[in-house]
Amino acid sequence: MAIAIGSSDTAQRSNERSTRANLDRMLPYGLIAPAVFVAFAIAVVPMGYAIWLSLQDWYLLRRPTPIWGGLINYIQLFHDASLWAAFGRTWIWTIGTVFVELFLGVPIALLFNRESAVSRTASALILLPWVTPFVVLGFGWRFLLDGDVGPIQGILKMLGISGTGSVLNDPVRALIAIIMISGWKGMPFMVIAVLAALKSIPKDIYEAAEVDGAGAFRRFYHVTLPAIWNTMLTVGIVLGILAFYSFDLPWIMTRGGPQAATTIVGITMYKAVFQELRPAYAAAISVVMLVLLFVASILVLRLRRKD
Amino acid sequence: MKRLPMLRDVGLDVLTLCILFIVLLPILWVVVASVRPDSDIASGGWIPQRFTIQHYQEIMAFPGFLVALKNSLIVGITVAVITTTMAVPAAYALSRLSFRGRNFVALVILGTQMLPSVAVLVPLVVIIRQIGLSNTLTALIFTHLSLGMPIAVWMLRGYIDGVPRELEEAALIDGCGRIGAMVRVVLPLIRPAIVAVGTFAFVLSWGEFILALALISKADTKTLPLALQGLFDPYSFSWGRVMAGGTIIALPTIILFLVFRKQLVGGLLAGGVKG
């Protein structure tokens with residue numbers, strides 16, 4: 001009797017232990033499930049759905065319910081001259097934005113790389129354009145470049161860069177202006193990333209280079225630049241991806257105009273859904289965007305230095 | 001001998017301040033315009049002499065602006081709470097527990113961080129329309145989770161990595177389960193990071209424009225960034241009023257950022273953050 005009770009007790013205990021072990025094995029999945037669900041629902045599923053959608057024939061004005069269309073959207077897309085013009089502008093936009101970010105960000109990072117209270121405060125405050133929402137900056141710059149009251153428009157007029165009307169009314173200048181603004185907004189991110197890379201360069205390398213008689217320029221070219229090269233490249237890609245998918249700034253500031261001067265692909269895609277009511281065509285555009293961006297990123301990554 | 005480097009330092013400090021001023025001038029100008037009378041904005045020169053809070057008073061009386069403010073707060077706070085409650089356990093699992101598929105999961109979560117909203121805009125809008133959720137705050141909250149979730153998991157994982165394992169092991173021996181150890185030992189230690197991550201999620205949702213534009217078209221569910229367009233009153237147009245609306249959106253972002261700067265800069269560098 002006593003033995004029987006004892007044995008059933010151990011059985012129960014080992015049973016408990018195995019459910020406990022099972023629970024332990026399941027625990028990580030339980031903990032991670034909500035976050036993974038969100039990642040799937042908001043990124044992975046929509047990407048897959050976009051591919052399926054891009055193969056449908058669905059034009060709300062003519063065919064309100066989607067039917068299988070095969071490559072019909074891709075064929076149309078291939079012949080859509082205004083879309084390829086928008087893609088061309090998007091590359092100018094993306095490369096221009098990253099160029100402005102590097103051109104402003106790297107020298108500012110070099111300047112801020114000192115041990116002083118001023119440079120510490122400055123490297124915090126420089127981030128304000130980066131953290132201020134696009135929508136605020138878009139409307140803000142519309143005011144700053146307004147033809148009648150815009151103060152920065154006034155400066156541009158004084159410098160002879162702009163005529164009496166706003167720079168945003170001139171196709172070429174509007175694109176250049178918004179690229180500059182886009183670069184100004186992203187530049188702080190470049191500054192803090194390069195600054196972090198600069199801080200990790202050991203001081204004695206510079207001293208050794210100086211002893212060897214290397215001037216400031218040679219020190220920069222042979223010591224500093226190699227040390228920050230990969231950071232510049234990686235951050236350049238991240239910022240380039242963001243620029244490639246821009247929408248807010250040109251939409252708020254010019255609605256893609258004047259004429260189509262600032263219509264980048266993000267705007268073309270938005271118009272395809274909401275104005276032309278062609279969601280399947282828009283989905284095809286977003287698939288092509290992703291493919292082109294992927295190829296471009298791979299090409300740029302090959303410029304990485306290997307040690 | 002010693003004066004020359006000192007002079008150089010002062011010179012570089014001055015140069016730093018000048019550059020900083022030029023970079024921040026556009027934002028400063030926006031804020032200043034929001035407290036100047038419209039007549040001064042048009043013809044009062046660059047240095048403000050008269051100040052007014054009239055634009056802010058007008059905005060508060062503007063139809064829809066208070067509704068938008070309320071909606072933005074609801075969406076932002078809900079997003080912050082859900083993001084942190086989902087990110088903390090996920091970050092803990094990625095940091096502390098070993099399981100099959102861990103690297104894959106980490107990759108998927110980080111990958112979604114790299115994916116801008118515009119890339120998934122079309123399919124998301126179609127899906128949300130088909131399940132009948134357009135023009136609801138629910139849909140906006142759900143899509144806004146993508147803004148801060150990946151970076152939250154990533155940042156918190158780094159912070160949990162920094163908590164010594166011995167602290168938890170003591171709790172595990174004392175009979176706490178894994179979850180008990182997480183809640184009682186790790187959570188209190190990373191509380192500042194959790195607050196920072198929640199703030200971040202709030203701020204990203206607060207200023208978000210394109211998802212809101214694509215999903216919301218009715219006045220009663222508009223958020224602040226959408227309401228800004230509504231401040232362009234064709235009958236009594238005022239730049240000051242629009243700039244005041246912009247300042248209301250920008251100010252919480254800027255203040256919260258400056259408060260949590262230390263935690264956030266590390267996070268910014270950990271993964272390129274959506275703008």
# chains A, B, ... in the order shown; residues from 1 in each chain; ligands from 1
$ interface_residues --of "chain B" --to "chain A" --cutoff "7 Å" --atoms "only C-alpha atoms" --output "PyMOL selection string"
chain B and resi 13+16+20+30+41-42+86-87+89-90+93+97+99+109+112+116+118-120+122-124+143+146+207+209-210+225+239+243+246+250+253-254+269+272
$ residues_around --residues "B:Val195" --least-positions-apart "2" --cutoff "10 Å" --atoms "only C-alpha atoms" --output "JSON list (two decimals) with C-alpha atoms, in the first residue's frame"
[["chain", "number", "residue", "atom", "x", "y", "z"],
["B", 80, "ALA", "CA", 3.55, 52.83, -27.20],
["B", 81, "VAL", "CA", 1.89, 50.48, -24.69],
["B", 84, "THR", "CA", 6.57, 47.74, -25.24],
["B", 190, "ILE", "CA", 15.89, 47.91, -17.71],
["B", 191, "ARG", "CA", 13.02, 50.22, -16.81],
["B", 192, "PRO", "CA", 14.72, 53.35, -18.25],
["B", 193, "ALA", "CA", 15.20, 51.56, -21.57],
["B", 197, "VAL", "CA", 11.46, 52.59, -26.24],
["B", 198, "GLY", "CA", 7.83, 53.41, -25.44],
["B", 199, "THR", "CA", 8.54, 57.11, -25.93],
["B", 200, "PHE", "CA", 10.14, 56.33, -29.24],
["B", 201, "ALA", "CA", 7.14, 54.34, -30.43],
["B", 260, "PHE", "CA", 15.71, 60.36, -23.59],
["B", 263, "GLN", "CA", 19.08, 55.82, -24.73]]
$ select_by_dssp --residues "stretch 271-304 of chain A" --states "helix (DSSP H, G or I)" --output "list in words"
Lys271, Ala272, Val273, Phe274, Pro279, Ala280, Tyr281, Ala282, Ala283, Ala284, Ile285, Ser286, Val287, Val288, Met289, Leu290, Val291, Leu292, Leu293, Phe294, Val295, Ala296, Ser297, Ile298, Leu299, Val300 and Leu301 of chain A
$ atom_distance --atom1 "atom CA of A:Asp170" --atom2 "atom CA of A:Gly257"
9.1 Å
$ atom_distance --atom1 "atom CA of A:Leu55" --atom2 "atom CA of A:His79"
16.5 Å
$ atom_distance --atom1 "atom CA of A:Arg89" --atom2 "atom CA of A:Val167"
17.9 Å
$ decode --residues "stretch 170-197 of chain A" --atoms "N, CA and C atoms" --output "mmCIF file, in the first residue's frame"
data_model
loop_
_atom_site.group_PDB
_atom_site.id
_atom_site.type_symbol
_atom_site.label_atom_id
_atom_site.label_comp_id
_atom_site.auth_asym_id
_atom_site.auth_seq_id
_atom_site.Cartn_x
_atom_site.Cartn_y
_atom_site.Cartn_z
ATOM 1 N N ASP A 170 9.630 76.715 -60.007
ATOM 2 C CA ASP A 170 10.472 76.434 -61.165
ATOM 3 C C ASP A 170 10.842 74.948 -61.156
ATOM 4 N N PRO A 171 10.565 74.212 -62.246
ATOM 5 C CA PRO A 171 10.741 72.753 -62.203
ATOM 6 C C PRO A 171 12.121 72.302 -61.736
ATOM 7 N N VAL A 172 13.183 72.819 -62.344
ATOM 8 C CA VAL A 172 14.526 72.337 -61.998
ATOM 9 C C VAL A 172 14.900 72.743 -60.580
ATOM 10 N N ARG A 173 14.661 74.035 -60.254
ATOM 11 C CA ARG A 173 15.045 74.522 -58.929
ATOM 12 C C ARG A 173 14.228 73.866 -57.830
ATOM 13 N N ALA A 174 12.959 73.537 -58.122
ATOM 14 C CA ALA A 174 12.132 72.887 -57.107
ATOM 15 C C ALA A 174 12.728 71.537 -56.735
ATOM 16 N N LEU A 175 13.126 70.765 -57.744
ATOM 17 C CA LEU A 175 13.709 69.452 -57.464
ATOM 18 C C LEU A 175 14.992 69.603 -56.649
ATOM 19 N N ILE A 176 15.851 70.541 -57.081
ATOM 20 C CA ILE A 176 17.111 70.750 -56.355
ATOM 21 C C ILE A 176 16.821 71.170 -54.914
ATOM 22 N N ALA A 177 15.871 72.099 -54.736
ATOM 23 C CA ALA A 177 15.568 72.603 -53.394
ATOM 24 C C ALA A 177 15.090 71.473 -52.492
ATOM 25 N N ILE A 178 14.188 70.624 -53.007
ATOM 26 C CA ILE A 178 13.645 69.581 -52.135
ATOM 27 C C ILE A 178 14.699 68.502 -51.868
ATOM 28 N N ILE A 179 15.591 68.254 -52.831
ATOM 29 C CA ILE A 179 16.698 67.321 -52.561
ATOM 30 C C ILE A 179 17.568 67.858 -51.425
ATOM 31 N N MET A 180 17.873 69.166 -51.479
ATOM 32 C CA MET A 180 18.677 69.796 -50.419
ATOM 33 C C MET A 180 17.995 69.629 -49.060
ATOM 34 N N ILE A 181 16.667 69.864 -49.034
ATOM 35 C CA ILE A 181 15.926 69.769 -47.778
ATOM 36 C C ILE A 181 15.934 68.328 -47.282
ATOM 37 N N SER A 182 15.751 67.391 -48.225
ATOM 38 C CA SER A 182 15.775 65.984 -47.861
ATOM 39 C C SER A 182 17.139 65.594 -47.285
ATOM 40 N N GLY A 183 18.222 66.122 -47.880
ATOM 41 C CA GLY A 183 19.565 65.851 -47.374
ATOM 42 C C GLY A 183 19.802 66.494 -46.015
ATOM 43 N N TRP A 184 19.300 67.700 -45.850
ATOM 44 C CA TRP A 184 19.429 68.413 -44.565
ATOM 45 C C TRP A 184 18.732 67.632 -43.454
ATOM 46 N N LYS A 185 17.567 67.049 -43.769
ATOM 47 C CA LYS A 185 16.799 66.303 -42.770
ATOM 48 C C LYS A 185 17.518 65.022 -42.355
ATOM 49 N N GLY A 186 18.193 64.347 -43.321
ATOM 50 C CA GLY A 186 18.835 63.078 -43.002
ATOM 51 C C GLY A 186 20.270 63.224 -42.513
ATOM 52 N N MET A 187 20.871 64.384 -42.783
ATOM 53 C CA MET A 187 22.286 64.599 -42.473
ATOM 54 C C MET A 187 22.657 64.316 -41.003
ATOM 55 N N PRO A 188 21.818 64.706 -40.014
ATOM 56 C CA PRO A 188 22.212 64.467 -38.623
ATOM 57 C C PRO A 188 22.495 62.998 -38.312
ATOM 58 N N PHE A 189 21.765 62.115 -38.972
ATOM 59 C CA PHE A 189 21.989 60.692 -38.739
ATOM 60 C C PHE A 189 23.389 60.296 -39.185
ATOM 61 N N MET A 190 23.803 60.832 -40.338
ATOM 62 C CA MET A 190 25.163 60.611 -40.820
ATOM 63 C C MET A 190 26.170 61.156 -39.808
ATOM 64 N N VAL A 191 25.878 62.356 -39.259
ATOM 65 C CA VAL A 191 26.809 62.978 -38.314
ATOM 66 C C VAL A 191 27.041 62.075 -37.105
ATOM 67 N N ILE A 192 25.962 61.601 -36.459
ATOM 68 C CA ILE A 192 26.197 60.826 -35.231
ATOM 69 C C ILE A 192 26.832 59.474 -35.536
ATOM 70 N N ALA A 193 26.502 58.890 -36.695
ATOM 71 C CA ALA A 193 27.107 57.594 -37.037
ATOM 72 C C ALA A 193 28.601 57.759 -37.305
ATOM 73 N N VAL A 194 28.967 58.779 -38.108
ATOM 74 C CA VAL A 194 30.382 59.006 -38.407
ATOM 75 C C VAL A 194 31.125 59.419 -37.139
ATOM 76 N N LEU A 195 30.446 60.219 -36.311
ATOM 77 C CA LEU A 195 31.055 60.649 -35.053
ATOM 78 C C LEU A 195 31.406 59.435 -34.188
ATOM 79 N N ALA A 196 30.486 58.473 -34.109
ATOM 80 C CA ALA A 196 30.745 57.261 -33.327
ATOM 81 C C ALA A 196 31.936 56.502 -33.903
ATOM 82 N N ALA A 197 32.034 56.459 -35.240
ATOM 83 C CA ALA A 197 33.164 55.770 -35.864
ATOM 84 C C ALA A 197 34.476 56.512 -35.584
#
